[in-house]
>>> print(open('run-v5.cif').read())   # mmCIF, C-alpha atoms, pLDDT in the B column; chains and numbers go by the auth columns
data_final
loop_
_atom_site.group_PDB
_atom_site.id
_atom_site.type_symbol
_atom_site.label_atom_id
_atom_site.label_comp_id
_atom_site.label_asym_id
_atom_site.label_seq_id
_atom_site.Cartn_x
_atom_site.Cartn_y
_atom_site.Cartn_z
_atom_site.B_iso_or_equiv
_atom_site.auth_seq_id
_atom_site.auth_asym_id
ATOM 1 C CA MET A 1 10.137 8.690 3.914 42.00 1291 A
ATOM 2 C CA HIS A 2 7.036 6.588 4.316 52.00 1292 A
ATOM 3 C CA ASP A 3 7.040 6.001 8.062 63.00 1293 A
ATOM 4 C CA LYS A 4 5.840 8.382 10.701 56.00 1294 A
ATOM 5 C CA ALA A 5 8.551 9.594 13.047 42.00 1295 A
ATOM 6 C CA GLY A 6 6.259 8.813 15.945 46.00 1296 A
ATOM 7 C CA THR A 7 2.673 8.001 16.635 55.00 1297 A
ATOM 8 C CA THR A 8 0.123 8.739 19.300 55.00 1298 A
ATOM 9 C CA ASN A 9 -2.267 6.137 17.899 68.00 1299 A
ATOM 10 C CA SER A 10 -3.297 3.856 20.747 71.00 1300 A
ATOM 11 C CA GLY A 11 -3.370 0.925 18.321 88.00 1301 A
ATOM 12 C CA TYR A 12 0.282 1.313 17.294 96.00 1302 A
ATOM 13 C CA ILE A 13 2.183 -1.981 17.428 97.00 1303 A
ATOM 14 C CA GLY A 14 4.958 -1.483 14.856 98.00 1304 A
ATOM 15 C CA TYR A 15 6.153 -4.140 12.441 98.00 1305 A
ATOM 16 C CA ASP A 16 7.298 -6.428 15.256 98.00 1306 A
ATOM 17 C CA GLY A 17 3.812 -6.256 16.683 98.00 1307 A
ATOM 18 C CA ALA A 18 2.340 -6.950 13.248 98.00 1308 A
ATOM 19 C CA ARG A 19 4.523 -10.050 12.961 98.00 1309 A
ATOM 20 C CA LYS A 20 3.416 -11.258 16.394 97.00 1310 A
ATOM 21 C CA ARG A 21 -0.241 -10.628 15.612 97.00 1311 A
ATOM 22 C CA PHE A 22 -0.026 -12.500 12.310 98.00 1312 A
ATOM 23 C CA LEU A 23 1.739 -15.449 13.969 97.00 1313 A
ATOM 24 C CA LYS A 24 -0.908 -15.490 16.681 96.00 1314 A
ATOM 25 C CA PHE A 25 -3.411 -16.644 14.076 97.00 1315 A
ATOM 26 C CA PHE A 26 -0.963 -18.459 11.766 97.00 1316 A
ATOM 27 C CA PRO A 27 1.840 -19.762 14.002 97.00 1317 A
ATOM 28 C CA ASN A 28 3.463 -21.664 11.124 97.00 1318 A
ATOM 29 C CA GLY A 29 3.526 -18.634 8.833 98.00 1319 A
ATOM 30 C CA PHE A 30 2.879 -18.194 5.142 98.00 1320 A
ATOM 31 C CA GLN A 31 3.894 -21.723 4.159 96.00 1321 A
ATOM 32 C CA SER A 32 1.461 -23.411 6.537 98.00 1322 A
ATOM 33 C CA ASP A 33 -1.587 -25.462 5.642 98.00 1323 A
ATOM 34 C CA GLY A 34 -3.690 -23.181 7.808 97.00 1324 A
ATOM 35 C CA PHE A 35 -2.661 -20.049 5.917 98.00 1325 A
ATOM 36 C CA ALA A 36 -3.185 -21.761 2.576 98.00 1326 A
ATOM 37 C CA ALA A 37 -6.668 -22.914 3.489 98.00 1327 A
ATOM 38 C CA LYS A 38 -7.814 -19.693 5.145 97.00 1328 A
ATOM 39 C CA GLU A 39 -6.171 -16.952 3.068 98.00 1329 A
ATOM 40 C CA ARG A 40 -4.116 -18.015 0.056 99.00 1330 A
ATOM 41 C CA ASP A 41 -5.646 -20.929 -1.846 99.00 1331 A
ATOM 42 C CA TYR A 42 -8.840 -19.200 -2.950 99.00 1332 A
ATOM 43 C CA LYS A 43 -6.883 -16.199 -4.258 99.00 1333 A
ATOM 44 C CA ILE A 44 -4.517 -18.478 -6.179 99.00 1334 A
ATOM 45 C CA ALA A 45 -7.570 -20.269 -7.608 99.00 1335 A
ATOM 46 C CA ALA A 46 -9.038 -16.922 -8.717 99.00 1336 A
ATOM 47 C CA LYS A 47 -5.728 -16.023 -10.363 99.00 1337 A
ATOM 48 C CA ALA A 48 -5.628 -19.355 -12.177 99.00 1338 A
ATOM 49 C CA LYS A 49 -9.185 -18.805 -13.388 99.00 1339 A
ATOM 50 C CA LEU A 50 -8.291 -15.318 -14.664 99.00 1340 A
ATOM 51 C CA ASP A 51 -5.118 -16.542 -16.381 99.00 1341 A
ATOM 52 C CA GLU A 52 -7.063 -19.313 -18.102 99.00 1342 A
ATOM 53 C CA THR A 53 -10.161 -17.406 -19.208 99.00 1343 A
ATOM 54 C CA ALA A 54 -8.902 -13.819 -19.592 99.00 1344 A
ATOM 55 C CA PRO A 55 -5.088 -13.792 -19.639 99.00 1345 A
ATOM 56 C CA LEU A 56 -3.378 -10.430 -19.568 99.00 1346 A
ATOM 57 C CA GLU A 57 -2.159 -10.518 -23.152 98.00 1347 A
ATOM 58 C CA LYS A 58 -5.683 -11.226 -24.434 98.00 1348 A
ATOM 59 C CA ALA A 59 -7.257 -8.603 -22.184 99.00 1349 A
ATOM 60 C CA LEU A 60 -5.176 -5.870 -23.816 98.00 1350 A
ATOM 61 C CA ASP A 61 -7.188 -5.935 -27.030 96.00 1351 A
ATOM 62 C CA GLU A 62 -9.636 -8.828 -27.189 97.00 1352 A
ATOM 63 C CA LYS A 63 -13.367 -8.192 -26.896 98.00 1353 A
ATOM 64 C CA GLY A 64 -16.061 -10.244 -25.220 98.00 1354 A
ATOM 65 C CA LEU A 65 -14.278 -11.167 -21.980 99.00 1355 A
ATOM 66 C CA GLY A 66 -16.867 -9.593 -19.697 98.00 1356 A
ATOM 67 C CA GLU A 67 -18.478 -12.818 -18.459 98.00 1357 A
ATOM 68 C CA ALA A 68 -15.105 -14.468 -17.858 99.00 1358 A
ATOM 69 C CA VAL A 69 -13.853 -11.509 -15.827 99.00 1359 A
ATOM 70 C CA LEU A 70 -17.142 -11.259 -13.925 99.00 1360 A
ATOM 71 C CA ALA A 71 -16.759 -14.910 -12.876 99.00 1361 A
ATOM 72 C CA VAL A 72 -13.326 -14.106 -11.439 99.00 1362 A
ATOM 73 C CA PHE A 73 -14.728 -11.202 -9.432 98.00 1363 A
ATOM 74 C CA GLN A 74 -17.494 -13.463 -8.158 98.00 1364 A
ATOM 75 C CA ALA A 75 -15.030 -16.219 -7.234 98.00 1365 A
ATOM 76 C CA THR A 76 -13.897 -14.450 -4.038 98.00 1366 A
ATOM 77 C CA ASN A 77 -15.361 -12.389 -1.213 96.00 1367 A
ATOM 78 C CA MET A 78 -12.784 -9.624 -1.596 98.00 1368 A
ATOM 79 C CA LEU A 79 -15.303 -7.088 -2.906 98.00 1369 A
ATOM 80 C CA SER A 80 -18.480 -6.041 -1.149 97.00 1370 A
ATOM 81 C CA PRO A 81 -21.827 -7.335 -2.466 97.00 1371 A
ATOM 82 C CA PHE A 82 -22.661 -3.741 -3.416 96.00 1372 A
ATOM 83 C CA GLU A 83 -19.479 -3.426 -5.502 97.00 1373 A
ATOM 84 C CA LYS A 84 -20.102 -6.793 -7.146 97.00 1374 A
ATOM 85 C CA THR A 85 -23.666 -5.895 -8.099 96.00 1375 A
ATOM 86 C CA ARG A 86 -22.577 -2.742 -9.891 96.00 1376 A
ATOM 87 C CA LEU A 87 -19.687 -4.599 -11.513 97.00 1377 A
ATOM 88 C CA GLN A 88 -22.079 -7.196 -12.835 97.00 1378 A
ATOM 89 C CA ASP A 89 -24.145 -4.521 -14.550 95.00 1379 A
ATOM 90 C CA MET A 90 -21.026 -2.966 -16.057 97.00 1380 A
ATOM 91 C CA LEU A 91 -19.359 -6.210 -17.181 98.00 1381 A
ATOM 92 C CA ARG A 92 -22.575 -7.351 -18.867 98.00 1382 A
ATOM 93 C CA GLY A 93 -22.964 -4.013 -20.619 97.00 1383 A
ATOM 94 C CA SER A 94 -21.331 -1.908 -23.273 97.00 1384 A
ATOM 95 C CA HIS A 95 -18.474 -0.728 -21.014 97.00 1385 A
ATOM 96 C CA ALA A 96 -17.062 -4.189 -20.253 98.00 1386 A
ATOM 97 C CA ASP A 97 -14.379 -4.229 -22.946 98.00 1387 A
ATOM 98 C CA ASP A 98 -13.177 -0.726 -22.067 98.00 1388 A
ATOM 99 C CA PHE A 99 -12.829 -1.571 -18.370 98.00 1389 A
ATOM 100 C CA ILE A 100 -10.955 -4.809 -18.976 99.00 1390 A
ATOM 101 C CA LYS A 101 -8.638 -3.167 -21.489 98.00 1391 A
ATOM 102 C CA ALA A 102 -7.926 -0.265 -19.114 98.00 1392 A
ATOM 103 C CA SER A 103 -7.220 -2.710 -16.269 99.00 1393 A
ATOM 104 C CA ALA A 104 -4.793 -4.649 -18.452 99.00 1394 A
ATOM 105 C CA HIS A 105 -2.958 -1.508 -19.511 99.00 1395 A
ATOM 106 C CA PHE A 106 -2.699 -0.354 -15.878 99.00 1396 A
ATOM 107 C CA THR A 107 -1.245 -3.757 -14.982 99.00 1397 A
ATOM 108 C CA LEU A 108 1.560 -3.261 -17.489 99.00 1398 A
ATOM 109 C CA ASP A 109 1.980 0.487 -16.921 98.00 1399 A
ATOM 110 C CA SER A 110 0.804 1.854 -13.583 97.00 1400 A
ATOM 111 C CA SER A 111 0.432 5.406 -14.833 97.00 1401 A
ATOM 112 C CA GLU A 112 -2.068 8.096 -13.934 96.00 1402 A
ATOM 113 C CA PRO A 113 -3.688 8.059 -17.415 97.00 1403 A
ATOM 114 C CA ASN A 114 -4.328 4.314 -17.204 98.00 1404 A
ATOM 115 C CA LEU A 115 -5.756 4.623 -13.702 98.00 1405 A
ATOM 116 C CA LEU A 116 -8.014 7.458 -14.797 97.00 1406 A
ATOM 117 C CA ALA A 117 -9.128 5.435 -17.806 97.00 1407 A
ATOM 118 C CA MET A 118 -10.557 2.874 -15.378 98.00 1408 A
ATOM 119 C CA ARG A 119 -12.147 5.678 -13.386 98.00 1409 A
ATOM 120 C CA ASP A 120 -13.854 7.092 -16.461 98.00 1410 A
ATOM 121 C CA VAL A 121 -15.355 3.720 -17.376 98.00 1411 A
ATOM 122 C CA LEU A 122 -16.610 3.118 -13.836 98.00 1412 A
ATOM 123 C CA LYS A 123 -17.994 6.622 -13.275 97.00 1413 A
ATOM 124 C CA PRO A 124 -21.358 6.091 -15.020 97.00 1414 A
ATOM 125 C CA HIS A 125 -21.849 3.047 -12.794 96.00 1415 A
ATOM 126 C CA ASP A 126 -20.922 4.912 -9.590 96.00 1416 A
ATOM 127 C CA ASN A 127 -18.358 2.235 -8.790 97.00 1417 A
ATOM 128 C CA MET A 128 -15.061 4.121 -8.751 98.00 1418 A
ATOM 129 C CA LYS A 129 -13.757 2.087 -5.830 98.00 1419 A
ATOM 130 C CA TRP A 130 -10.253 0.986 -4.948 99.00 1420 A
ATOM 131 C CA PRO A 131 -11.146 -2.711 -4.552 99.00 1421 A
ATOM 132 C CA VAL A 132 -12.659 -2.678 -8.040 99.00 1422 A
ATOM 133 C CA VAL A 133 -9.659 -1.134 -9.822 99.00 1423 A
ATOM 134 C CA THR A 134 -6.923 -3.048 -7.949 99.00 1424 A
ATOM 135 C CA TYR A 135 -8.431 -6.558 -8.093 99.00 1425 A
ATOM 136 C CA LEU A 136 -7.472 -7.585 -11.646 99.00 1426 A
ATOM 137 C CA PRO A 137 -3.914 -6.152 -11.665 99.00 1427 A
ATOM 138 C CA TYR A 138 -3.307 -7.873 -8.306 99.00 1428 A
ATOM 139 C CA LEU A 139 -4.373 -11.245 -9.729 99.00 1429 A
ATOM 140 C CA TRP A 140 -2.657 -10.828 -13.093 99.00 1430 A
ATOM 141 C CA GLN A 141 0.691 -9.793 -11.551 99.00 1431 A
ATOM 142 C CA PRO A 142 0.783 -10.495 -7.785 99.00 1432 A
ATOM 143 C CA GLU A 143 4.538 -10.063 -7.749 98.00 1433 A
ATOM 144 C CA LYS A 144 4.022 -6.394 -8.651 98.00 1434 A
ATOM 145 C CA HIS A 145 0.516 -5.162 -7.861 99.00 1435 A
ATOM 146 C CA MET A 146 -1.446 -4.795 -4.642 99.00 1436 A
ATOM 147 C CA PHE A 147 -5.128 -5.102 -3.785 99.00 1437 A
ATOM 148 C CA LEU A 148 -6.567 -2.270 -1.710 99.00 1438 A
ATOM 149 C CA LYS A 149 -9.321 -2.756 0.843 98.00 1439 A
ATOM 150 C CA PRO A 150 -9.255 0.780 2.247 98.00 1440 A
ATOM 151 C CA GLN A 151 -10.416 0.606 5.858 97.00 1441 A
ATOM 152 C CA VAL A 152 -8.435 -2.475 6.843 97.00 1442 A
ATOM 153 C CA THR A 153 -5.322 -1.194 5.060 98.00 1443 A
ATOM 154 C CA LYS A 154 -5.551 2.201 6.744 98.00 1444 A
ATOM 155 C CA ASP A 155 -5.941 0.467 10.092 97.00 1445 A
ATOM 156 C CA TYR A 156 -2.864 -1.655 9.401 98.00 1446 A
ATOM 157 C CA ALA A 157 -0.872 1.426 8.340 98.00 1447 A
ATOM 158 C CA GLU A 158 -1.801 3.167 11.579 97.00 1448 A
ATOM 159 C CA ARG A 159 -0.736 0.136 13.577 97.00 1449 A
ATOM 160 C CA VAL A 160 2.712 -0.016 11.962 98.00 1450 A
ATOM 161 C CA GLY A 161 3.176 3.757 11.714 98.00 1451 A
ATOM 162 C CA HIS A 162 3.201 4.078 7.925 98.00 1452 A
ATOM 163 C CA ASN A 163 2.141 7.245 6.118 98.00 1453 A
ATOM 164 C CA PHE A 164 -0.372 5.430 3.936 98.00 1454 A
ATOM 165 C CA ALA A 165 -2.911 6.193 6.641 96.00 1455 A
ATOM 166 C CA ASP A 166 -2.454 9.897 5.846 97.00 1456 A
ATOM 167 C CA ASP A 167 -1.786 9.546 2.107 98.00 1457 A
ATOM 168 C CA TYR A 168 -4.968 7.595 1.397 98.00 1458 A
ATOM 169 C CA GLU A 169 -7.711 9.300 -0.598 98.00 1459 A
ATOM 170 C CA PRO A 170 -10.973 7.630 -1.640 98.00 1460 A
ATOM 171 C CA GLN A 171 -10.696 9.294 -5.045 98.00 1461 A
ATOM 172 C CA LEU A 172 -8.617 7.260 -7.466 98.00 1462 A
ATOM 173 C CA SER A 173 -5.147 8.784 -7.661 97.00 1463 A
ATOM 174 C CA LEU A 174 -1.675 7.526 -8.426 98.00 1464 A
ATOM 175 C CA LYS A 175 -0.389 9.058 -5.177 98.00 1465 A
ATOM 176 C CA THR A 176 -2.580 6.753 -3.120 98.00 1466 A
ATOM 177 C CA TYR A 177 -1.628 3.699 -5.151 99.00 1467 A
ATOM 178 C CA GLN A 178 2.092 4.457 -4.955 98.00 1468 A
ATOM 179 C CA SER A 179 1.782 4.877 -1.194 99.00 1469 A
ATOM 180 C CA LEU A 180 0.036 1.503 -1.038 99.00 1470 A
ATOM 181 C CA LEU A 181 2.917 -0.134 -2.918 99.00 1471 A
ATOM 182 C CA ALA A 182 5.385 1.566 -0.576 99.00 1472 A
ATOM 183 C CA LEU A 183 3.499 0.132 2.409 99.00 1473 A
ATOM 184 C CA ALA A 184 3.611 -3.342 0.856 99.00 1474 A
ATOM 185 C CA ASP A 185 7.324 -3.046 0.058 99.00 1475 A
ATOM 186 C CA ARG A 186 8.172 -1.855 3.558 99.00 1476 A
ATOM 187 C CA THR A 187 6.155 -4.677 5.074 99.00 1477 A
ATOM 188 C CA ALA A 188 7.972 -7.237 2.926 98.00 1478 A
ATOM 189 C CA ILE A 189 11.336 -5.840 4.044 98.00 1479 A
ATOM 190 C CA GLU A 190 10.447 -5.645 7.730 98.00 1480 A
ATOM 191 C CA LEU A 191 8.927 -9.140 7.775 98.00 1481 A
ATOM 192 C CA LYS A 192 11.351 -10.817 5.382 98.00 1482 A
ATOM 193 C CA ASN A 193 12.085 -13.534 7.922 98.00 1483 A
ATOM 194 C CA LEU A 194 8.539 -14.788 7.304 98.00 1484 A
ATOM 195 C CA LYS A 195 9.485 -15.247 3.610 98.00 1485 A
ATOM 196 C CA PRO A 196 6.459 -13.732 1.849 98.00 1486 A
ATOM 197 C CA ARG A 197 6.237 -15.039 -1.709 98.00 1487 A
ATOM 198 C CA ASP A 198 4.328 -12.209 -3.349 98.00 1488 A
ATOM 199 C CA GLN A 199 1.769 -9.471 -2.750 99.00 1489 A
ATOM 200 C CA ILE A 200 -0.894 -12.104 -2.100 99.00 1490 A
ATOM 201 C CA ASP A 201 0.976 -13.019 1.076 99.00 1491 A
ATOM 202 C CA ILE A 202 1.540 -9.358 1.990 99.00 1492 A
ATOM 203 C CA GLN A 203 -2.063 -8.356 1.353 99.00 1493 A
ATOM 204 C CA SER A 204 -3.271 -11.338 3.353 98.00 1494 A
ATOM 205 C CA LEU A 205 -1.039 -10.337 6.260 98.00 1495 A
ATOM 206 C CA ILE A 206 -2.419 -6.789 6.112 98.00 1496 A
ATOM 207 C CA TRP A 207 -5.934 -8.236 6.209 97.00 1497 A
ATOM 208 C CA VAL A 208 -5.088 -10.463 9.171 97.00 1498 A
ATOM 209 C CA VAL A 209 -3.370 -7.735 11.205 96.00 1499 A
ATOM 210 C CA GLY A 210 -5.852 -5.004 10.348 92.00 1500 A
ATOM 211 C CA GLY A 211 -9.071 -6.969 10.078 91.00 1501 A
ATOM 212 C CA TYR A 212 -9.057 -10.125 12.201 94.00 1502 A
ATOM 213 C CA GLN A 213 -10.970 -9.861 15.462 89.00 1503 A
ATOM 214 C CA ASP A 214 -9.636 -11.860 18.364 85.00 1504 A
ATOM 215 C CA GLU A 215 -13.006 -13.079 19.578 83.00 1505 A
ATOM 216 C CA ARG A 216 -14.058 -14.315 16.125 83.00 1506 A
ATOM 217 C CA GLU A 217 -10.923 -16.057 14.888 88.00 1507 A
ATOM 218 C CA GLU A 218 -9.151 -19.274 15.762 91.00 1508 A
ATOM 219 C CA THR A 219 -5.548 -20.370 15.428 94.00 1509 A
ATOM 220 C CA TYR A 220 -4.838 -21.873 12.025 96.00 1510 A
ATOM 221 C CA PRO A 221 -1.719 -24.105 12.159 94.00 1511 A
#
>>> encode(input="run-v5.cif", output="structure tokens")
Amino acid sequence: MHDKAGTTNSGYIGYDGARKRFLKFFPNGFQSDGFAAKERDYKIAAKAKLDETAPLEKALDEKGLGEAVLAVFQATNMLSPFEKTRLQDMLRGSHADDFIKASAHFTLDSSEPNLLAMRDVLKPHDNMKWPVVTYLPYLWQPEKHMFLKPQVTKDYAERVGHNFADDYEPQLSLKTYQSLLALADRTAIELKNLKPRDQIDIQSLIWVVGGYQDEREETYP
């Protein structure tokens, strides 16, 4: 089971509440111009850039892709400036090929050894962060992989009553990632009437429900 039997969290809204909150900001749903412009198009553009300059099959064994991958990280605001700065140092250094290769292998085989291989490359750079390790797999295979922004995702999980809020650990572990995928899968099932196309739509919904602030956001038709 991945849902809490009950919750005392004052922010609990359930999946119906999550749907209503998402539609508050995007009343025409995932297929709308507003959603495309605000949440989806720039992620699709980053994916296209990655597929063109550092496609998955090349990333498995080709060297010298550090600058291309760095440009994809810099193409969005999904990582913090602090994370990007440390990534820049790593991707312009001697560890770039190892990180990209480990990310590609994790994309194809989401195993603990492949996750820990990314951790080991990032450790000397003090950048063993979930947004860093989930970004490339999410863009290479958005039908399968999920991007993790921890605080917003934990907040969303609390709101819908999913155990990810308890399962989450800041240390890189397969348990946390599997719980994240379970949260995404459950969300897709519960909100199937909205017709999410992939994990880009699901992750965007999580960001909207968990991160949008009423006083700062508009309605995007």
>>> closest_residue(input="run-v5.cif", among="A:Tyr1510, A:Asp1341, A:Ala1386, A:Gly1501", to="Gln1431 in chain A", atoms="only C-alpha atoms")
A:Asp1341
>>> atom_distance(input="run-v5.cif", atom1="CA of Leu1350 in chain A", atom2="CA of His1395 in chain A")
6.5 Å
>>> closest_atom_pairs(input="run-v5.cif", of="range 1318-1390 of chain A", to="range 1438-1454 of chain A", cutoff="10 Å", atoms="only C-alpha atoms", output="tab-separated table")
residue	atom	partner	partner_atom	distance
A:Met1368	CA	A:Lys1439	CA	8.1
A:Leu1369	CA	A:Lys1439	CA	8.3
A:Ser1370	CA	A:Lys1439	CA	9.9
>>> resolve_selection(input="run-v5.cif", expression="the PyMOL selection byres ((chain A and resi 1314) around 12)", output="PDB file with C-alpha atoms, keeping the file's coordinate frame")
ATOM      1  CA  GLY A1307       3.812  -6.256  16.683  1.00 98.00           C
ATOM      2  CA  ALA A1308       2.340  -6.950  13.248  1.00 98.00           C
ATOM      3  CA  ARG A1309       4.523 -10.050  12.961  1.00 98.00           C
ATOM      4  CA  LYS A1310       3.416 -11.258  16.394  1.00 97.00           C
ATOM      5  CA  ARG A1311      -0.241 -10.628  15.612  1.00 97.00           C
ATOM      6  CA  PHE A1312      -0.026 -12.500  12.310  1.00 98.00           C
ATOM      7  CA  LEU A1313       1.739 -15.449  13.969  1.00 97.00           C
ATOM      8  CA  PHE A1315      -3.411 -16.644  14.076  1.00 97.00           C
ATOM      9  CA  PHE A1316      -0.963 -18.459  11.766  1.00 97.00           C
ATOM     10  CA  PRO A1317       1.840 -19.762  14.002  1.00 97.00           C
ATOM     11  CA  ASN A1318       3.463 -21.664  11.124  1.00 97.00           C
ATOM     12  CA  GLY A1319       3.526 -18.634   8.833  1.00 98.00           C
ATOM     13  CA  PHE A1325      -2.661 -20.049   5.917  1.00 98.00           C
ATOM     14  CA  LEU A1495      -1.039 -10.337   6.260  1.00 98.00           C
ATOM     15  CA  VAL A1498      -5.088 -10.463   9.171  1.00 97.00           C
ATOM     16  CA  VAL A1499      -3.370  -7.735  11.205  1.00 96.00           C
ATOM     17  CA  TYR A1502      -9.057 -10.125  12.201  1.00 94.00           C
ATOM     18  CA  GLN A1503     -10.970  -9.861  15.462  1.00 89.00           C
ATOM     19  CA  ASP A1504      -9.636 -11.860  18.364  1.00 85.00           C
ATOM     20  CA  GLU A1507     -10.923 -16.057  14.888  1.00 88.00           C
ATOM     21  CA  GLU A1508      -9.151 -19.274  15.762  1.00 91.00           C
ATOM     22  CA  THR A1509      -5.548 -20.370  15.428  1.00 94.00           C
ATOM     23  CA  TYR A1510      -4.838 -21.873  12.025  1.00 96.00           C
ATOM     24  CA  PRO A1511      -1.719 -24.105  12.159  1.00 94.00           C
TER      25      PRO A1511
END
>>> axis_aligned_box(input="run-v5.cif", around="range 1343-1356 of chain A", padding_each_side="3 Å", output="JSON")
{"center_x": -9.5, "center_y": -11.6, "center_z": -23.2, "size_x": 20.7, "size_y": 17.5, "size_z": 14.0}
>>> atom_distance(input="run-v5.cif", atom1="CA of Pro1403 in chain A", atom2="CA of Glu1352 in chain A")
20.4 Å
>>> resolve_selection(input="run-v5.cif", expression="the PyMOL selection byres ((chain A and resi 1400) around 12)", output="ChimeraX atom specification")
/A:1392-1399,1401-1408,1423-1424,1427-1428,1431,1434-1436,1463-1465,1467-1468,1471
>>> atom_distance(input="run-v5.cif", atom1="CA of Val1362 in chain A", atom2="CA of Leu1340 in chain A")
6.1 Å
>>> closest_residue(input="run-v5.cif", among="A:Ser1384, A:Ser1322, A:Thr1466, A:Thr1375", to="Val1422 in chain A", atoms="all atoms listed in the file")
A:Thr1375
>>> build_atoms(input="run-v5.cif", residues="range 1316-1337 of chain A", atoms="N, CA and C atoms", output="PDB file, in the coordinates of the input")
ATOM      1  N   PHE A1316      -1.613 -17.500  12.663  1.00 97.00           N
ATOM      2  CA  PHE A1316      -0.963 -18.459  11.766  1.00 97.00           C
ATOM      3  C   PHE A1316       0.445 -18.740  12.284  1.00 97.00           C
ATOM      4  N   PRO A1317       0.538 -19.557  13.338  1.00 97.00           N
ATOM      5  CA  PRO A1317       1.840 -19.762  14.002  1.00 97.00           C
ATOM      6  C   PRO A1317       2.899 -20.387  13.113  1.00 97.00           C
ATOM      7  N   ASN A1318       2.499 -21.057  12.043  1.00 97.00           N
ATOM      8  CA  ASN A1318       3.463 -21.664  11.124  1.00 97.00           C
ATOM      9  C   ASN A1318       3.689 -20.826   9.863  1.00 97.00           C
ATOM     10  N   GLY A1319       3.183 -19.597   9.866  1.00 98.00           N
ATOM     11  CA  GLY A1319       3.526 -18.634   8.833  1.00 98.00           C
ATOM     12  C   GLY A1319       2.856 -18.840   7.489  1.00 98.00           C
ATOM     13  N   PHE A1320       3.444 -18.208   6.480  1.00 98.00           N
ATOM     14  CA  PHE A1320       2.879 -18.194   5.142  1.00 98.00           C
ATOM     15  C   PHE A1320       2.849 -19.569   4.487  1.00 98.00           C
ATOM     16  N   GLN A1321       3.796 -20.425   4.833  1.00 96.00           N
ATOM     17  CA  GLN A1321       3.894 -21.723   4.159  1.00 96.00           C
ATOM     18  C   GLN A1321       3.026 -22.797   4.809  1.00 96.00           C
ATOM     19  N   SER A1322       2.221 -22.422   5.783  1.00 98.00           N
ATOM     20  CA  SER A1322       1.461 -23.411   6.537  1.00 98.00           C
ATOM     21  C   SER A1322       0.179 -23.822   5.821  1.00 98.00           C
ATOM     22  N   ASP A1323      -0.311 -24.987   6.170  1.00 98.00           N
ATOM     23  CA  ASP A1323      -1.587 -25.462   5.642  1.00 98.00           C
ATOM     24  C   ASP A1323      -2.722 -24.544   6.084  1.00 98.00           C
ATOM     25  N   GLY A1324      -2.639 -24.060   7.306  1.00 97.00           N
ATOM     26  CA  GLY A1324      -3.690 -23.181   7.808  1.00 97.00           C
ATOM     27  C   GLY A1324      -3.797 -21.896   7.020  1.00 97.00           C
ATOM     28  N   PHE A1325      -2.651 -21.280   6.706  1.00 98.00           N
ATOM     29  CA  PHE A1325      -2.661 -20.049   5.917  1.00 98.00           C
ATOM     30  C   PHE A1325      -3.170 -20.315   4.506  1.00 98.00           C
ATOM     31  N   ALA A1326      -2.729 -21.413   3.921  1.00 98.00           N
ATOM     32  CA  ALA A1326      -3.185 -21.761   2.576  1.00 98.00           C
ATOM     33  C   ALA A1326      -4.700 -21.914   2.533  1.00 98.00           C
ATOM     34  N   ALA A1327      -5.237 -22.639   3.495  1.00 98.00           N
ATOM     35  CA  ALA A1327      -6.668 -22.914   3.489  1.00 98.00           C
ATOM     36  C   ALA A1327      -7.504 -21.677   3.796  1.00 98.00           C
ATOM     37  N   LYS A1328      -7.019 -20.837   4.687  1.00 97.00           N
ATOM     38  CA  LYS A1328      -7.814 -19.693   5.145  1.00 97.00           C
ATOM     39  C   LYS A1328      -7.656 -18.466   4.254  1.00 97.00           C
ATOM     40  N   GLU A1329      -6.440 -18.223   3.742  1.00 98.00           N
ATOM     41  CA  GLU A1329      -6.171 -16.952   3.068  1.00 98.00           C
ATOM     42  C   GLU A1329      -5.624 -17.064   1.642  1.00 98.00           C
ATOM     43  N   ARG A1330      -4.832 -18.048   1.335  1.00 99.00           N
ATOM     44  CA  ARG A1330      -4.116 -18.015   0.056  1.00 99.00           C
ATOM     45  C   ARG A1330      -4.758 -18.825  -1.074  1.00 99.00           C
ATOM     46  N   ASP A1331      -5.236 -20.023  -0.773  1.00 99.00           N
ATOM     47  CA  ASP A1331      -5.646 -20.929  -1.846  1.00 99.00           C
ATOM     48  C   ASP A1331      -6.748 -20.350  -2.726  1.00 99.00           C
ATOM     49  N   TYR A1332      -7.728 -19.695  -2.135  1.00 99.00           N
ATOM     50  CA  TYR A1332      -8.840 -19.200  -2.950  1.00 99.00           C
ATOM     51  C   TYR A1332      -8.416 -18.031  -3.844  1.00 99.00           C
ATOM     52  N   LYS A1333      -7.403 -17.276  -3.412  1.00 99.00           N
ATOM     53  CA  LYS A1333      -6.883 -16.199  -4.258  1.00 99.00           C
ATOM     54  C   LYS A1333      -6.052 -16.774  -5.410  1.00 99.00           C
ATOM     55  N   ILE A1334      -5.280 -17.806  -5.125  1.00 99.00           N
ATOM     56  CA  ILE A1334      -4.517 -18.478  -6.179  1.00 99.00           C
ATOM     57  C   ILE A1334      -5.479 -19.120  -7.176  1.00 99.00           C
ATOM     58  N   ALA A1335      -6.575 -19.670  -6.705  1.00 99.00           N
ATOM     59  CA  ALA A1335      -7.570 -20.269  -7.608  1.00 99.00           C
ATOM     60  C   ALA A1335      -8.208 -19.200  -8.496  1.00 99.00           C
ATOM     61  N   ALA A1336      -8.480 -18.019  -7.923  1.00 99.00           N
ATOM     62  CA  ALA A1336      -9.038 -16.922  -8.717  1.00 99.00           C
ATOM     63  C   ALA A1336      -8.037 -16.458  -9.767  1.00 99.00           C
ATOM     64  N   LYS A1337      -6.769 -16.398  -9.389  1.00 99.00           N
ATOM     65  CA  LYS A1337      -5.728 -16.023 -10.363  1.00 99.00           C
ATOM     66  C   LYS A1337      -5.658 -17.046 -11.496  1.00 99.00           C
TER      67      LYS A1337
END
